[in-house]
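Text of the file final_24.csv, holding CSV, C-alpha atoms and all ligand atoms:
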chain,number,residue,atom,x,y,z
A,174,MET,CA,19.3,-11.8,-6.3
A,175,ASN,CA,16.2,-9.8,-7.0
A,176,THR,CA,14.3,-9.3,-3.8
A,177,ASN,CA,11.6,-7.0,-5.3
A,178,ARG,CA,8.3,-8.7,-4.7
A,179,LEU,CA,6.1,-6.2,-6.5
A,180,SER,CA,5.4,-6.1,-10.3
A,181,LYS,CA,6.2,-2.9,-12.2
A,182,LYS,CA,2.5,-2.2,-12.7
A,183,ILE,CA,1.7,-2.6,-9.0
A,184,THR,CA,4.7,-0.6,-8.0
A,185,LYS,CA,3.6,2.3,-10.3
A,186,ALA,CA,0.0,2.1,-9.0
A,187,LEU,CA,1.1,2.1,-5.3
A,188,ASN,CA,3.5,5.0,-5.9
A,189,GLU,CA,0.7,7.0,-7.6
A,190,GLN,CA,-1.6,6.3,-4.7
A,191,MET,CA,1.1,7.3,-2.3
A,192,THR,CA,1.2,10.7,-4.1
A,193,LYS,CA,-2.6,10.9,-4.0
A,194,GLU,CA,-2.5,10.6,-0.2
A,195,ALA,CA,0.1,13.3,-0.1
A,196,HIS,CA,-2.2,15.4,-2.3
A,197,ALA,CA,-5.1,14.7,0.0
A,198,ALA,CA,-3.0,16.0,2.9
A,199,GLN,CA,-2.4,19.2,1.0
A,200,ILE,CA,-6.1,19.6,0.1
A,201,TYR,CA,-7.1,19.4,3.8
A,202,LEU,CA,-4.3,21.7,4.7
A,203,SER,CA,-5.3,24.3,2.2
A,204,TYR,CA,-9.0,24.0,3.2
A,205,GLY,CA,-7.9,24.4,6.8
A,206,ALA,CA,-5.9,27.5,6.0
A,207,TRP,CA,-8.9,28.9,4.1
A,208,ALA,CA,-11.2,28.2,7.2
A,209,VAL,CA,-8.7,30.0,9.5
A,210,GLY,CA,-9.0,33.0,7.2
A,211,GLN,CA,-12.8,32.9,7.4
A,212,GLY,CA,-12.7,32.8,11.2
A,213,TYR,CA,-13.7,29.2,11.7
A,214,ALA,CA,-11.0,28.0,14.0
A,215,GLY,CA,-12.9,24.8,15.0
A,216,ILE,CA,-13.5,23.7,11.5
A,217,ALA,CA,-9.9,24.5,10.6
A,218,ASN,CA,-8.6,22.4,13.5
A,219,PHE,CA,-10.7,19.5,12.3
A,220,LEU,CA,-9.3,19.9,8.7
A,221,PHE,CA,-5.7,20.2,10.0
A,222,ARG,CA,-6.1,17.0,12.0
A,223,HIS,CA,-7.4,15.3,9.0
A,224,SER,CA,-4.5,16.5,6.9
A,225,HIS,CA,-2.3,14.8,9.4
A,226,GLU,CA,-4.2,11.6,8.9
A,227,GLU,CA,-3.8,11.7,5.2
A,228,ARG,CA,-0.1,12.1,5.6
A,229,ASN,CA,-0.1,8.9,7.7
A,230,HIS,CA,-1.9,7.2,4.8
A,231,MET,CA,0.9,8.3,2.5
A,232,MET,CA,3.5,6.8,4.9
A,233,LYS,CA,1.6,3.6,5.0
A,234,PHE,CA,2.0,3.2,1.2
A,235,MET,CA,5.6,4.2,1.4
A,236,GLU,CA,6.4,1.7,4.1
A,237,TYR,CA,4.6,-1.1,2.2
A,238,ILE,CA,6.4,-0.5,-1.1
A,239,GLN,CA,9.7,-0.6,0.7
A,240,GLU,CA,8.8,-3.6,2.8
A,241,ARG,CA,8.2,-5.5,-0.5
A,242,GLY,CA,11.6,-4.6,-1.8
A,243,ALA,CA,10.4,-2.0,-4.4
A,244,LYS,CA,11.3,1.6,-4.8
A,245,ALA,CA,9.1,4.3,-3.3
A,246,ILE,CA,9.3,7.4,-5.5
A,247,VAL,CA,8.6,10.8,-3.9
A,248,THR,CA,7.4,13.2,-6.6
A,249,ALA,CA,6.0,16.7,-6.8
A,250,ILE,CA,2.5,17.0,-5.2
A,251,PRO,CA,-0.1,18.7,-7.4
A,252,ALA,CA,-1.5,22.0,-6.1
A,253,PRO,CA,-4.7,21.7,-4.1
A,254,PRO,CA,-7.9,22.9,-5.9
A,255,ALA,CA,-9.3,26.4,-5.5
A,256,ASP,CA,-10.5,27.5,-2.1
A,257,PRO,CA,-14.0,26.6,-1.1
A,258,THR,CA,-16.6,29.4,-1.5
A,259,SER,CA,-18.5,28.6,1.7
A,260,ILE,CA,-18.5,26.0,4.5
A,261,ASN,CA,-21.2,24.1,2.6
A,262,ASN,CA,-19.0,24.1,-0.5
A,263,CYS,CA,-16.0,23.1,1.6
A,264,PHE,CA,-17.8,20.0,2.9
A,265,GLU,CA,-19.1,19.1,-0.5
A,266,LYS,CA,-15.6,19.2,-1.8
A,267,VAL,CA,-14.4,17.0,1.0
A,268,PHE,CA,-17.1,14.5,0.4
A,269,GLN,CA,-16.4,14.4,-3.4
A,270,HIS,CA,-12.7,14.1,-2.7
A,271,GLU,CA,-13.2,11.0,-0.5
A,272,VAL,CA,-15.6,9.4,-3.1
A,273,ASP,CA,-12.9,9.9,-5.8
A,274,ASN,CA,-10.3,8.5,-3.5
A,275,THR,CA,-12.4,5.4,-2.8
A,276,SER,CA,-12.5,4.8,-6.6
A,277,ALA,CA,-8.7,5.0,-6.8
A,278,ILE,CA,-8.4,2.5,-3.9
A,279,TYR,CA,-10.8,0.1,-5.6
A,280,ASP,CA,-8.7,0.3,-8.8
A,281,LEU,CA,-5.7,-0.9,-6.8
A,282,VAL,CA,-7.7,-3.7,-5.2
A,283,ASN,CA,-8.8,-4.8,-8.7
A,284,LEU,CA,-5.3,-4.6,-10.0
A,285,SER,CA,-3.9,-6.7,-7.2
A,286,HIS,CA,-6.7,-9.2,-7.7
A,287,GLU,CA,-5.9,-9.4,-11.5
A,288,GLU,CA,-2.2,-10.0,-10.8
A,289,ARG,CA,-3.0,-12.5,-8.0
A,290,ASP,CA,-0.8,-10.4,-5.7
A,291,TRP,CA,-2.5,-11.5,-2.5
A,292,ALA,CA,-0.1,-9.6,-0.3
A,293,THR,CA,-1.0,-6.3,-1.9
A,294,PHE,CA,-4.6,-7.3,-2.0
A,295,SER,CA,-4.5,-8.0,1.7
A,296,PHE,CA,-2.7,-4.7,2.4
A,297,MET,CA,-5.3,-2.8,0.5
A,298,GLN,CA,-8.2,-4.1,2.7
A,299,TRP,CA,-7.1,-1.7,5.4
A,300,PHE,CA,-7.7,1.1,3.0
A,301,VAL,CA,-11.1,-0.3,1.8
A,302,LYS,CA,-12.2,-0.2,5.5
A,303,GLU,CA,-10.6,3.2,6.0
A,304,GLN,CA,-12.5,4.7,3.0
A,305,LEU,CA,-15.7,3.4,4.4
A,306,GLU,CA,-15.0,5.4,7.6
A,307,GLU,CA,-13.8,8.5,5.7
A,308,GLU,CA,-16.9,8.5,3.5
A,309,THR,CA,-19.1,8.2,6.7
A,310,LEU,CA,-17.2,11.1,8.3
A,311,ALA,CA,-17.6,13.2,5.1
A,312,GLN,CA,-21.3,12.3,5.0
A,313,SER,CA,-21.7,13.4,8.6
A,314,LEU,CA,-20.2,16.8,7.7
A,315,MET,CA,-22.8,17.1,4.9
A,316,ASN,CA,-25.5,16.2,7.4
A,317,LYS,CA,-24.3,18.8,9.9
A,318,ILE,CA,-24.2,21.6,7.4
A,319,LYS,CA,-27.5,20.6,6.0
A,320,ILE,CA,-29.1,20.9,9.4
A,321,ALA,CA,-27.3,24.2,9.9
A,322,GLY,CA,-29.0,25.5,6.8
A,323,GLY,CA,-26.7,24.5,3.9
A,324,GLU,CA,-25.6,27.3,1.7
A,325,GLY,CA,-27.9,29.7,3.5
A,326,ALA,CA,-26.7,28.7,7.0
A,327,LYS,CA,-26.9,31.7,9.4
A,328,ALA,CA,-24.0,33.0,11.5
A,329,GLU,CA,-25.2,31.4,14.7
A,330,ALA,CA,-25.6,28.0,13.2
A,331,LEU,CA,-22.1,28.2,11.7
A,332,TYR,CA,-20.8,29.4,15.0
A,333,ASN,CA,-22.2,26.3,16.7
A,334,LEU,CA,-21.0,24.0,14.0
A,335,ASP,CA,-17.5,25.5,14.3
A,336,LYS,CA,-17.6,24.8,18.1
A,337,ASP,CA,-18.9,21.3,17.5
A,338,LEU,CA,-16.2,20.3,15.0
A,339,GLU,CA,-13.5,21.6,17.3
A,340,LYS,CA,-14.3,18.6,19.5
A,341,THR,CA,-15.4,16.0,17.0
A,342,PRO,CA,-13.2,13.0,17.3
A,343,ASP,CA,-11.5,12.0,14.0
A,344,GLU,CA,-9.6,9.0,13.0
A,345,GLY,CA,-6.2,10.5,13.3
A,346,LYS,CA,-5.1,8.4,16.3
A,347,LYS,CA,-6.4,5.3,14.8
A,348,ALA,CA,-4.5,5.8,11.6
A,349,GLU,CA,-1.3,6.4,13.6
A,350,GLN,CA,-1.8,3.2,15.6
A,351,ALA,CA,-2.5,1.2,12.4
A,352,LYS,CA,0.8,2.5,11.0
A,353,GLU,CA,2.6,1.0,13.9
A,354,GLU,CA,0.8,-2.3,13.8
B,401,LIG,FE1,-6.5,8.8,2.6
B,401,LIG,FE2,-9.1,10.6,3.0
B,401,LIG,O1,-8.3,9.1,2.3

What does the file become when written as structure tokens?
Amino acid sequence: MNTNRLSKKITKALNEQMTKEAHAAQIYLSYGAWAVGQGYAGIANFLFRHSHEERNHMMKFMEYIQERGAKAIVTAIPAPPADPTSINNCFEKVFQHEVDNTSAIYDLVNLSHEERDWATFSFMQWFVKEQLEEETLAQSLMNKIKIAGGEGAKAEALYNLDKDLEKTPDEGKKAEQAKEE
């Protein structure tokens, strides 16, 4: 008896999004490694914590695919993009990445609506809400660097920003809790 409750198209799209989340984890990891090299331990810490959160997103997709009786396919993860050229550039890249990810999430919502797969549609609502939070977080990074002076931020402002981000609460815990719900 076939117990797979996902269509081929939805399975493919969910698997692709699972890989995208793994890619996001790699992106934040690589930006964090870059920040360490630049001496920004606080910003690096923030980026590493966020990498962990992206990995939780990946697991959420994997668990859902399996819960619905389909096959989760773990593939190679594309390499992260080039290192940022500055903290300003780093935060711009983070913001753009999150906007692009929101588009990918919306495509999945559309597809599940088209196929009248209401279970997947409902599952995806968590990510719609999550992307709203992620974009807000990325926007707040943009605001912080803007106030610090943007591309021309002075060392003292960057020092303070680094200290500030070391303590900035992120959504890591929340994502972990949601995974357990
Ligand atoms: Fe998994 Fe940053 O979105």

Could you give me, as a tab-separated table (two decimals) with C-alpha atoms, in the frame of the given file, the residues within 8 Å of Asp337 of chain A, counting only C-alpha atoms and dropping anything in the same chain fewer than 4 positions from it?
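Result file around.tsv:
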chain	number	residue	atom	x	y	z
A	215	GLY	CA	-12.90	24.80	15.00
A	333	ASN	CA	-22.20	26.30	16.70
A	341	THR	CA	-15.40	16.00	17.00

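Proximity to ligand LIG 401 (chain B) was assessed for A:Met191, A:Ala186, A:Ile250, A:Ile320 counting all atoms listed in the file; the smallest distance is recorded for A:Met191.
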
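Distance check against ligand LIG 401 (chain B) using all atoms listed in the file: of A:Glu189, A:Glu307, A:Asp256, A:Glu265, the minimum falls on A:Glu307.
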
Problem set entry | Distance query 12 Å from (-19.9, 14.7, 5.8) using all atoms listed in the file, result as number ranges by chain | A: 260-272, 306-320, 338

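Neighbouring residues of ligand LIG 401 (chain B) at a cut-off of 7 Å, counting all atoms listed in the file, are Glu194, Ala197, Glu227, His230, Glu271, Asn274, Gln304 and Glu307 of chain A.
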
For this session: Please identify all polymer residues within 10 Å of Tyr332 of chain A, counting all atoms listed in the file, omitting same-chain residues fewer than 5 positions from it, and present them as an MDAnalysis selection string.
Result: chainID A and resid 212:216 321 326:327 337

For this session: Would you mind telling me which residue in A:Gln190, A:Thr248, A:Gly205, A:Phe221 lies nearest to Thr275 of chain A when using all atoms listed in the file?
Result: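 Among the listed residues, the smallest separation from Thr275 of chain A belongs to A:Gln190.
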
Exercise. Between atom CA of Ala198 of chain A and atom CA of Lys182 of chain A, what is the spacing in Å?
Worked result: 24.6 Å
